[in-house]
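A.B. asks: Please find one structure pasted underneath; my questions will follow.
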Amino acid sequence: MSVVTLTIDDELVSGRHGETLLQVIREHGMALPTLCHMEGLSERGGCRLCIVEVEGSLRPVPACSTVAQEGMVVRTATDRLIRYRRMIVELLFAERNHYCAVCVSAGNCELQTVAATLGVDHVRYEYLSPRLTMDLSHERFGIDHNRCILCTRCVRVCDEVEGVHTWDVSCRGVRSRVIADLNHPWGRSETCTSCGKCVQVCPTGALFTKGAAVGEMVKDAGMLTRVIEGRDKKGWQE
């Protein structure tokens with residue numbers, strides 16, 4: 001496999017042909033925040049937290065969906081990028097109702113972690129405070145739309161790994177919602193296998209196991225990798 005050489009934050013690094021900037025950056029131990037990205041799933045490029053500056057490009061580009069090219073000069077932490085990332089996180093908090101103090105994922109939330117890393121300790125924008133509901137119709141799991149950041153990890157893992165496509169996104173803009181089976185209650189879904197993969201890949205407390213108390217919902221970040229590796233190994237053996 002051919003190798004490409006590029007410069008990232010004044011450091012000369014190499015990566016394999018076809019890798020994204022995010023892959024190269026993380027392979028070399030450099031930090032770059034993400035929320036919609038997850039190893040094993042297709043890239044959405046929606047959260048825009050992994051934006052980087054590429055010399056010659058007029059605008060920042062998402063590292064998760066930009067292929068590394070020979071000779072690229074990339075910067076990951078300029079003042080402008082840090083300012084943009086803080087703004088994105090603040091807007092995520094303002095768009096829904098993230099009451100962290102009473103969330104089942106408090107202390108184990110990727111959104112919280114990113115906010116703390118970026119130094120976001122307040123929100124400068126007006127809270128939309130939408131009137132959103134919870135769906136507790138499923139026997140084992142629940143979904144709280146107040147905490148959803150529309151990363152679509154649940155949609156992608158259900159489609160690409162479990163293969164049943166229970167989840168999808170309805171409407172547009174601030175009215176967007178994750179829905180099950182053309183907007184039926186989750187507990188009445190005819191496609192859901194109750195595998196729990198969507199719950200484990202959710203970066204916030206939007207998808208959770210029923211019965212979890214405040215701060216008790218800890219997601220298994222390595223679950224998806226193990227599932228994919230096990231499936232590939234089984235397929236190779238067959």
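Numbering starts fresh at 1 for the residues of each chain in the structure tokens, the chains themselves are lettered A, B, ... in the order given, and ligands are numbered from 1 as they appear.
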Just the residues within 7 Å of Glu70 (chain A), please, counting only C-alpha atoms, with nothing from its chain fewer than 3 positions along; format it as a list in words.
C.D. replies: Val4, Thr5 and Leu6 of chain A
A.B. asks: As a PDB file with N, CA, C and O atoms, in the first residue's frame, please: the residues near region 162-173 of chain A (cut-off 10 Å, only C-alpha atoms, same-chain neighbours under 2 positions excluded).
C.D. replies:
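So around-v9.pdb came out as:
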```pdb
ATOM      1  N   LEU A 150     -28.212  14.481  17.387  1.00  0.00           N
ATOM      2  CA  LEU A 150     -28.386  14.131  15.970  1.00  0.00           C
ATOM      3  C   LEU A 150     -27.066  13.729  15.306  1.00  0.00           C
ATOM      4  O   LEU A 150     -26.813  14.061  14.157  1.00  0.00           O
ATOM      5  N   THR A 152     -26.415  10.727  14.562  1.00  0.00           N
ATOM      6  CA  THR A 152     -26.873   9.593  13.740  1.00  0.00           C
ATOM      7  C   THR A 152     -26.021   8.338  13.910  1.00  0.00           C
ATOM      8  O   THR A 152     -26.058   7.452  13.075  1.00  0.00           O
ATOM      9  N   ARG A 153     -25.280   8.233  14.987  1.00  0.00           N
ATOM     10  CA  ARG A 153     -24.563   6.977  15.238  1.00  0.00           C
ATOM     11  C   ARG A 153     -25.561   5.821  15.356  1.00  0.00           C
ATOM     12  O   ARG A 153     -25.312   4.725  14.853  1.00  0.00           O
ATOM     13  N   CYS A 154     -26.678   6.063  16.043  1.00  0.00           N
ATOM     14  CA  CYS A 154     -27.681   5.016  16.223  1.00  0.00           C
ATOM     15  C   CYS A 154     -28.254   4.572  14.885  1.00  0.00           C
ATOM     16  O   CYS A 154     -28.468   3.374  14.643  1.00  0.00           O
ATOM     17  N   VAL A 155     -28.498   5.534  13.997  1.00  0.00           N
ATOM     18  CA  VAL A 155     -29.044   5.221  12.670  1.00  0.00           C
ATOM     19  C   VAL A 155     -28.053   4.369  11.891  1.00  0.00           C
ATOM     20  O   VAL A 155     -28.412   3.359  11.274  1.00  0.00           O
ATOM     21  N   ARG A 156     -26.797   4.761  11.927  1.00  0.00           N
ATOM     22  CA  ARG A 156     -25.780   4.073  11.126  1.00  0.00           C
ATOM     23  C   ARG A 156     -25.455   2.683  11.666  1.00  0.00           C
ATOM     24  O   ARG A 156     -25.276   1.739  10.900  1.00  0.00           O
ATOM     25  N   VAL A 157     -25.378   2.535  12.992  1.00  0.00           N
ATOM     26  CA  VAL A 157     -25.063   1.213  13.529  1.00  0.00           C
ATOM     27  C   VAL A 157     -26.219   0.252  13.302  1.00  0.00           C
ATOM     28  O   VAL A 157     -26.014  -0.942  13.043  1.00  0.00           O
ATOM     29  N   CYS A 158     -27.440   0.757  13.370  1.00  0.00           N
ATOM     30  CA  CYS A 158     -28.620  -0.078  13.133  1.00  0.00           C
ATOM     31  C   CYS A 158     -28.676  -0.524  11.676  1.00  0.00           C
ATOM     32  O   CYS A 158     -29.056  -1.669  11.373  1.00  0.00           O
ATOM     33  N   ASP A 159     -28.287   0.336  10.785  1.00  0.00           N
ATOM     34  CA  ASP A 159     -28.328   0.038   9.353  1.00  0.00           C
ATOM     35  C   ASP A 159     -27.115  -0.771   8.905  1.00  0.00           C
ATOM     36  O   ASP A 159     -27.240  -1.808   8.243  1.00  0.00           O
ATOM     37  N   GLU A 160     -25.929  -0.332   9.294  1.00  0.00           N
ATOM     38  CA  GLU A 160     -24.698  -0.885   8.739  1.00  0.00           C
ATOM     39  C   GLU A 160     -24.165  -2.109   9.481  1.00  0.00           C
ATOM     40  O   GLU A 160     -23.463  -2.936   8.888  1.00  0.00           O
ATOM     41  N   ARG A 175     -36.219  21.017  13.866  1.00  0.00           N
ATOM     42  CA  ARG A 175     -37.328  20.077  14.041  1.00  0.00           C
ATOM     43  C   ARG A 175     -36.900  18.625  13.838  1.00  0.00           C
ATOM     44  O   ARG A 175     -37.705  17.708  13.986  1.00  0.00           O
ATOM     45  N   SER A 176     -35.659  18.400  13.526  1.00  0.00           N
ATOM     46  CA  SER A 176     -35.170  17.040  13.266  1.00  0.00           C
ATOM     47  C   SER A 176     -35.274  16.182  14.518  1.00  0.00           C
ATOM     48  O   SER A 176     -34.948  16.621  15.627  1.00  0.00           O
ATOM     49  N   ARG A 177     -35.701  14.957  14.315  1.00  0.00           N
ATOM     50  CA  ARG A 177     -35.827  14.001  15.402  1.00  0.00           C
ATOM     51  C   ARG A 177     -35.412  12.615  14.915  1.00  0.00           C
ATOM     52  O   ARG A 177     -35.670  12.252  13.771  1.00  0.00           O
ATOM     53  N   VAL A 178     -34.820  11.832  15.795  1.00  0.00           N
ATOM     54  CA  VAL A 178     -34.560  10.429  15.501  1.00  0.00           C
ATOM     55  C   VAL A 178     -35.853   9.665  15.757  1.00  0.00           C
ATOM     56  O   VAL A 178     -36.465   9.799  16.819  1.00  0.00           O
ATOM     57  N   ILE A 179     -36.272   8.877  14.780  1.00  0.00           N
ATOM     58  CA  ILE A 179     -37.535   8.149  14.905  1.00  0.00           C
ATOM     59  C   ILE A 179     -37.320   6.658  14.642  1.00  0.00           C
ATOM     60  O   ILE A 179     -36.372   6.261  13.967  1.00  0.00           O
ATOM     61  N   ALA A 180     -38.222   5.849  15.179  1.00  0.00           N
ATOM     62  CA  ALA A 180     -38.179   4.401  14.972  1.00  0.00           C
ATOM     63  C   ALA A 180     -39.332   3.992  14.061  1.00  0.00           C
ATOM     64  O   ALA A 180     -40.476   4.401  14.281  1.00  0.00           O
ATOM     65  N   ASP A 181     -39.018   3.202  13.053  1.00  0.00           N
ATOM     66  CA  ASP A 181     -40.049   2.633  12.171  1.00  0.00           C
ATOM     67  C   ASP A 181     -41.095   3.657  11.711  1.00  0.00           C
ATOM     68  O   ASP A 181     -42.287   3.546  12.021  1.00  0.00           O
ATOM     69  N   LEU A 182     -40.660   4.653  10.972  1.00  0.00           N
ATOM     70  CA  LEU A 182     -41.576   5.670  10.420  1.00  0.00           C
ATOM     71  C   LEU A 182     -42.402   6.350  11.501  1.00  0.00           C
ATOM     72  O   LEU A 182     -43.600   6.586  11.352  1.00  0.00           O
ATOM     73  N   ASN A 183     -41.736   6.641  12.634  1.00  0.00           N
ATOM     74  CA  ASN A 183     -42.301   7.432  13.721  1.00  0.00           C
ATOM     75  C   ASN A 183     -43.336   6.686  14.555  1.00  0.00           C
ATOM     76  O   ASN A 183     -44.341   7.249  14.981  1.00  0.00           O
ATOM     77  N   TRP A 186     -41.010   3.209  19.987  1.00  0.00           N
ATOM     78  CA  TRP A 186     -39.915   2.244  19.881  1.00  0.00           C
ATOM     79  C   TRP A 186     -40.362   0.849  20.316  1.00  0.00           C
ATOM     80  O   TRP A 186     -40.008  -0.158  19.711  1.00  0.00           O
ATOM     81  N   SER A 189     -41.928  -1.301  17.630  1.00  0.00           N
ATOM     82  CA  SER A 189     -41.157  -1.514  16.408  1.00  0.00           C
ATOM     83  C   SER A 189     -41.200  -2.977  15.988  1.00  0.00           C
ATOM     84  O   SER A 189     -41.024  -3.881  16.808  1.00  0.00           O
ATOM     85  N   GLU A 190     -41.416  -3.201  14.699  1.00  0.00           N
ATOM     86  CA  GLU A 190     -41.432  -4.562  14.162  1.00  0.00           C
ATOM     87  C   GLU A 190     -40.069  -4.973  13.611  1.00  0.00           C
ATOM     88  O   GLU A 190     -39.891  -6.110  13.189  1.00  0.00           O
ATOM     89  N   THR A 191     -39.129  -4.034  13.607  1.00  0.00           N
ATOM     90  CA  THR A 191     -37.798  -4.327  13.068  1.00  0.00           C
ATOM     91  C   THR A 191     -36.725  -4.416  14.145  1.00  0.00           C
ATOM     92  O   THR A 191     -35.710  -5.082  13.955  1.00  0.00           O
ATOM     93  N   CYS A 192     -36.909  -3.726  15.280  1.00  0.00           N
ATOM     94  CA  CYS A 192     -35.893  -3.671  16.332  1.00  0.00           C
ATOM     95  C   CYS A 192     -35.623  -5.072  16.894  1.00  0.00           C
ATOM     96  O   CYS A 192     -36.549  -5.809  17.238  1.00  0.00           O
ATOM     97  N   THR A 193     -34.346  -5.418  17.004  1.00  0.00           N
ATOM     98  CA  THR A 193     -33.947  -6.724  17.541  1.00  0.00           C
ATOM     99  C   THR A 193     -33.563  -6.642  19.017  1.00  0.00           C
ATOM    100  O   THR A 193     -33.147  -7.654  19.599  1.00  0.00           O
ATOM    101  N   CYS A 195     -30.984  -5.372  20.295  1.00  0.00           N
ATOM    102  CA  CYS A 195     -29.568  -5.712  20.457  1.00  0.00           C
ATOM    103  C   CYS A 195     -28.831  -4.730  21.363  1.00  0.00           C
ATOM    104  O   CYS A 195     -27.828  -5.072  21.978  1.00  0.00           O
ATOM    105  N   GLY A 196     -29.306  -3.493  21.424  1.00  0.00           N
ATOM    106  CA  GLY A 196     -28.687  -2.490  22.281  1.00  0.00           C
ATOM    107  C   GLY A 196     -27.488  -1.786  21.688  1.00  0.00           C
ATOM    108  O   GLY A 196     -26.845  -0.971  22.358  1.00  0.00           O
ATOM    109  N   LYS A 197     -27.159  -2.082  20.434  1.00  0.00           N
ATOM    110  CA  LYS A 197     -26.004  -1.418  19.821  1.00  0.00           C
ATOM    111  C   LYS A 197     -26.198   0.090  19.752  1.00  0.00           C
ATOM    112  O   LYS A 197     -25.256   0.856  19.965  1.00  0.00           O
ATOM    113  N   CYS A 198     -27.399   0.522  19.436  1.00  0.00           N
ATOM    114  CA  CYS A 198     -27.671   1.964  19.333  1.00  0.00           C
ATOM    115  C   CYS A 198     -27.439   2.660  20.667  1.00  0.00           C
ATOM    116  O   CYS A 198     -26.944   3.790  20.724  1.00  0.00           O
ATOM    117  N   VAL A 227     -17.719  -6.401  17.862  1.00  0.00           N
ATOM    118  CA  VAL A 227     -18.774  -6.991  17.032  1.00  0.00           C
ATOM    119  C   VAL A 227     -18.298  -7.137  15.593  1.00  0.00           C
ATOM    120  O   VAL A 227     -18.459  -8.182  14.965  1.00  0.00           O
TER     121      VAL A 227
END
```
A.B. asks: Could you tell me, as a PyMOL selection string, which residues of region 68-238 of chain A DSSP assigns to alpha helix (DSSP H) when given the backbone?
C.D. replies: chain A and resi 79-95+110-118+153-157+197-201+223-237
A.B. asks: Could the residues of region 97-195 of chain A that have an atom at most 7 Å from region 207-213 of chain A be listed as a Markdown table, each with its closest atom pair and the distance in Å to one decimal, counting only C-alpha atoms and ordered by chain and ascending residue number?
C.D. replies:
```
| residue | atom | partner | partner_atom | distance |
| --- | --- | --- | --- | --- |
| A:Val104 | CA | A:Ala213 | CA | 5.5 |
| A:Arg140 | CA | A:Lys210 | CA | 5.7 |
| A:Phe141 | CA | A:Thr209 | CA | 4.5 |
| A:Gly142 | CA | A:Phe208 | CA | 5.5 |
| A:Ile143 | CA | A:Leu207 | CA | 4.6 |
| A:Asp144 | CA | A:Leu207 | CA | 6.5 |
```
A.B. asks: Please provide the set of residues having any atom within 10 Å of Gly15 (chain A), restricted to only C-alpha atoms, with same-chain residues fewer than 2 positions apart removed, written as a compact mmCIF listing (two decimals) with N, CA, C and O atoms, in the first residue's frame.
C.D. replies:
```txt
# COMPACT_ATOMS: atom_id res chain seq x y z
N SER A 2 0.60 2.19 -0.87
CA SER A 2 1.42 3.39 -0.99
C SER A 2 1.26 4.29 0.23
O SER A 2 0.25 4.24 0.94
N VAL A 3 2.26 5.11 0.44
CA VAL A 3 2.31 6.00 1.60
C VAL A 3 2.26 7.44 1.14
O VAL A 3 2.86 7.80 0.12
N VAL A 4 1.55 8.28 1.88
CA VAL A 4 1.54 9.72 1.61
C VAL A 4 2.21 10.44 2.78
O VAL A 4 2.13 9.99 3.92
N THR A 5 2.89 11.51 2.47
CA THR A 5 3.58 12.30 3.49
C THR A 5 2.98 13.70 3.52
O THR A 5 2.78 14.32 2.48
N LEU A 6 2.66 14.17 4.71
CA LEU A 6 2.07 15.49 4.87
C LEU A 6 2.55 16.13 6.15
O LEU A 6 3.18 15.46 6.99
N VAL A 13 4.54 13.94 8.93
CA VAL A 13 3.98 12.62 9.27
C VAL A 13 3.65 11.87 7.98
O VAL A 13 3.59 12.46 6.89
N HIS A 17 -2.22 5.46 1.86
CA HIS A 17 -3.05 6.01 0.78
C HIS A 17 -4.51 5.66 1.03
O HIS A 17 -4.85 4.51 1.30
N GLY A 18 -5.39 6.64 0.96
CA GLY A 18 -6.81 6.43 1.16
C GLY A 18 -7.28 6.73 2.57
O GLY A 18 -8.49 6.80 2.82
N GLU A 19 -6.36 6.92 3.51
CA GLU A 19 -6.76 7.26 4.87
C GLU A 19 -7.27 8.70 4.95
O GLU A 19 -6.83 9.57 4.20
N THR A 20 -8.16 8.94 5.89
CA THR A 20 -8.63 10.30 6.11
C THR A 20 -7.64 11.05 6.99
O THR A 20 -6.79 10.44 7.66
N LEU A 21 -7.78 12.36 7.01
CA LEU A 21 -6.92 13.17 7.89
C LEU A 21 -7.11 12.78 9.34
O LEU A 21 -6.15 12.75 10.12
N GLN A 23 -7.85 9.85 10.59
CA GLN A 23 -7.13 8.61 10.85
C GLN A 23 -5.64 8.87 11.01
O GLN A 23 -5.00 8.36 11.94
N VAL A 24 -5.07 9.67 10.13
CA VAL A 24 -3.64 9.97 10.20
C VAL A 24 -3.32 10.73 11.48
O VAL A 24 -2.35 10.43 12.19
N ILE A 25 -4.15 11.71 11.80
CA ILE A 25 -3.93 12.53 12.99
C ILE A 25 -3.94 11.67 14.25
O ILE A 25 -3.05 11.78 15.11
N GLU A 27 -3.56 8.38 14.47
CA GLU A 27 -2.50 7.37 14.45
C GLU A 27 -1.19 7.92 14.97
O GLU A 27 -0.34 7.17 15.46
N HIS A 28 -1.03 9.24 14.88
CA HIS A 28 0.20 9.87 15.37
C HIS A 28 0.01 10.50 16.74
O HIS A 28 0.81 11.34 17.17
N ALA A 68 -6.37 12.20 3.15
CA ALA A 68 -5.03 12.75 3.23
C ALA A 68 -4.35 12.67 1.87
O ALA A 68 -4.39 11.64 1.21
N GLN A 69 -3.73 13.77 1.47
CA GLN A 69 -3.06 13.84 0.17
C GLN A 69 -1.58 14.17 0.36
O GLN A 69 -1.20 14.85 1.32
N GLU A 70 -0.78 13.71 -0.57
CA GLU A 70 0.65 13.99 -0.53
C GLU A 70 0.92 15.49 -0.51
O GLU A 70 0.36 16.25 -1.30
```
A.B. asks: What's the 9 Å shell around Asp10 (chain A), counting only C-alpha atoms, without same-chain residues fewer than 5 positions away, as a list of chain:residue names?
C.D. replies: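 Residues meeting the cut-off are A:Val73, A:Val74, A:Arg75.
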A.B. asks: Find the residue from A:Thr7, A:Thr225, A:Thr34, A:Gln200 that sits nearest to Ala115 (chain A); use only C-alpha atoms when measuring.
C.D. replies: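 Ranking A:Thr7, A:Thr225, A:Thr34, A:Gln200 by distance to Ala115 (chain A), first place goes to A:Thr34.
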A.B. asks: Return as a list in words the full set of residues in region 94-201 of chain A whose backbone-based DSSP assignment is strand (DSSP E or B).
C.D. replies: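 These are the residues in question: Met134, Asp135, Phe141, Gly142, Ile143, Asp144, Trp167, Asp168, Val169, Ser170, Arg177, Val178, Ile179, Ala180 and His184 of chain A.
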A.B. asks: Could you check which of A:Asp121, A:Glu95, A:Asp9, A:Glu110 is closest to Asn146 (chain A), using only C-alpha atoms?
C.D. replies: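 For Asn146 (chain A), the nearest of the candidates is A:Glu95.
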A.B. asks: Using only C-alpha atoms, which of the listed residues (A:Ala101, A:Val201, A:Ala106, A:Met134) sits closest to Gly40 (chain A)?
C.D. replies: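 Looking at the shortest contact to Gly40 (chain A), the residue is A:Val201.
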A.B. asks: Which of these residues is nearest to Cys103 (chain A), using only C-alpha atoms: A:Leu58, A:Met30, A:Leu136, A:Val214?
C.D. replies: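 So, comparing all the options, the nearest one is A:Val214.
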A.B. asks: Have a look at A:Met217, A:Leu35, A:Cys151, A:Val52 and name the one nearest to Gln112 (chain A); count only C-alpha atoms.
C.D. replies: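 Among the listed residues, A:Leu35 lies closest to Gln112 (chain A).
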A.B. asks: Near Leu128 (chain A), counting only C-alpha atoms, which residues have an atom at most 10 Å away, once you skip same-chain residues fewer than 3 positions from it, shown as a ChimeraX atom specification?
C.D. replies: /A:91,93-97,125,131,174
A.B. asks: By how many Å are CA of Gly107 (chain A) and CA of Thr204 (chain A) apart?
C.D. replies: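 For CA of Gly107 (chain A) relative to CA of Thr204 (chain A), the distance reads 10.1 Å.
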A.B. asks: Write out as a PyMOL selection string which residues come within 12 Å of Thr78 (chain A) when counting only C-alpha atoms, dropping same-chain ones fewer than 5 positions away.
C.D. replies: chain A and resi 8-9+51-54+60+83-85
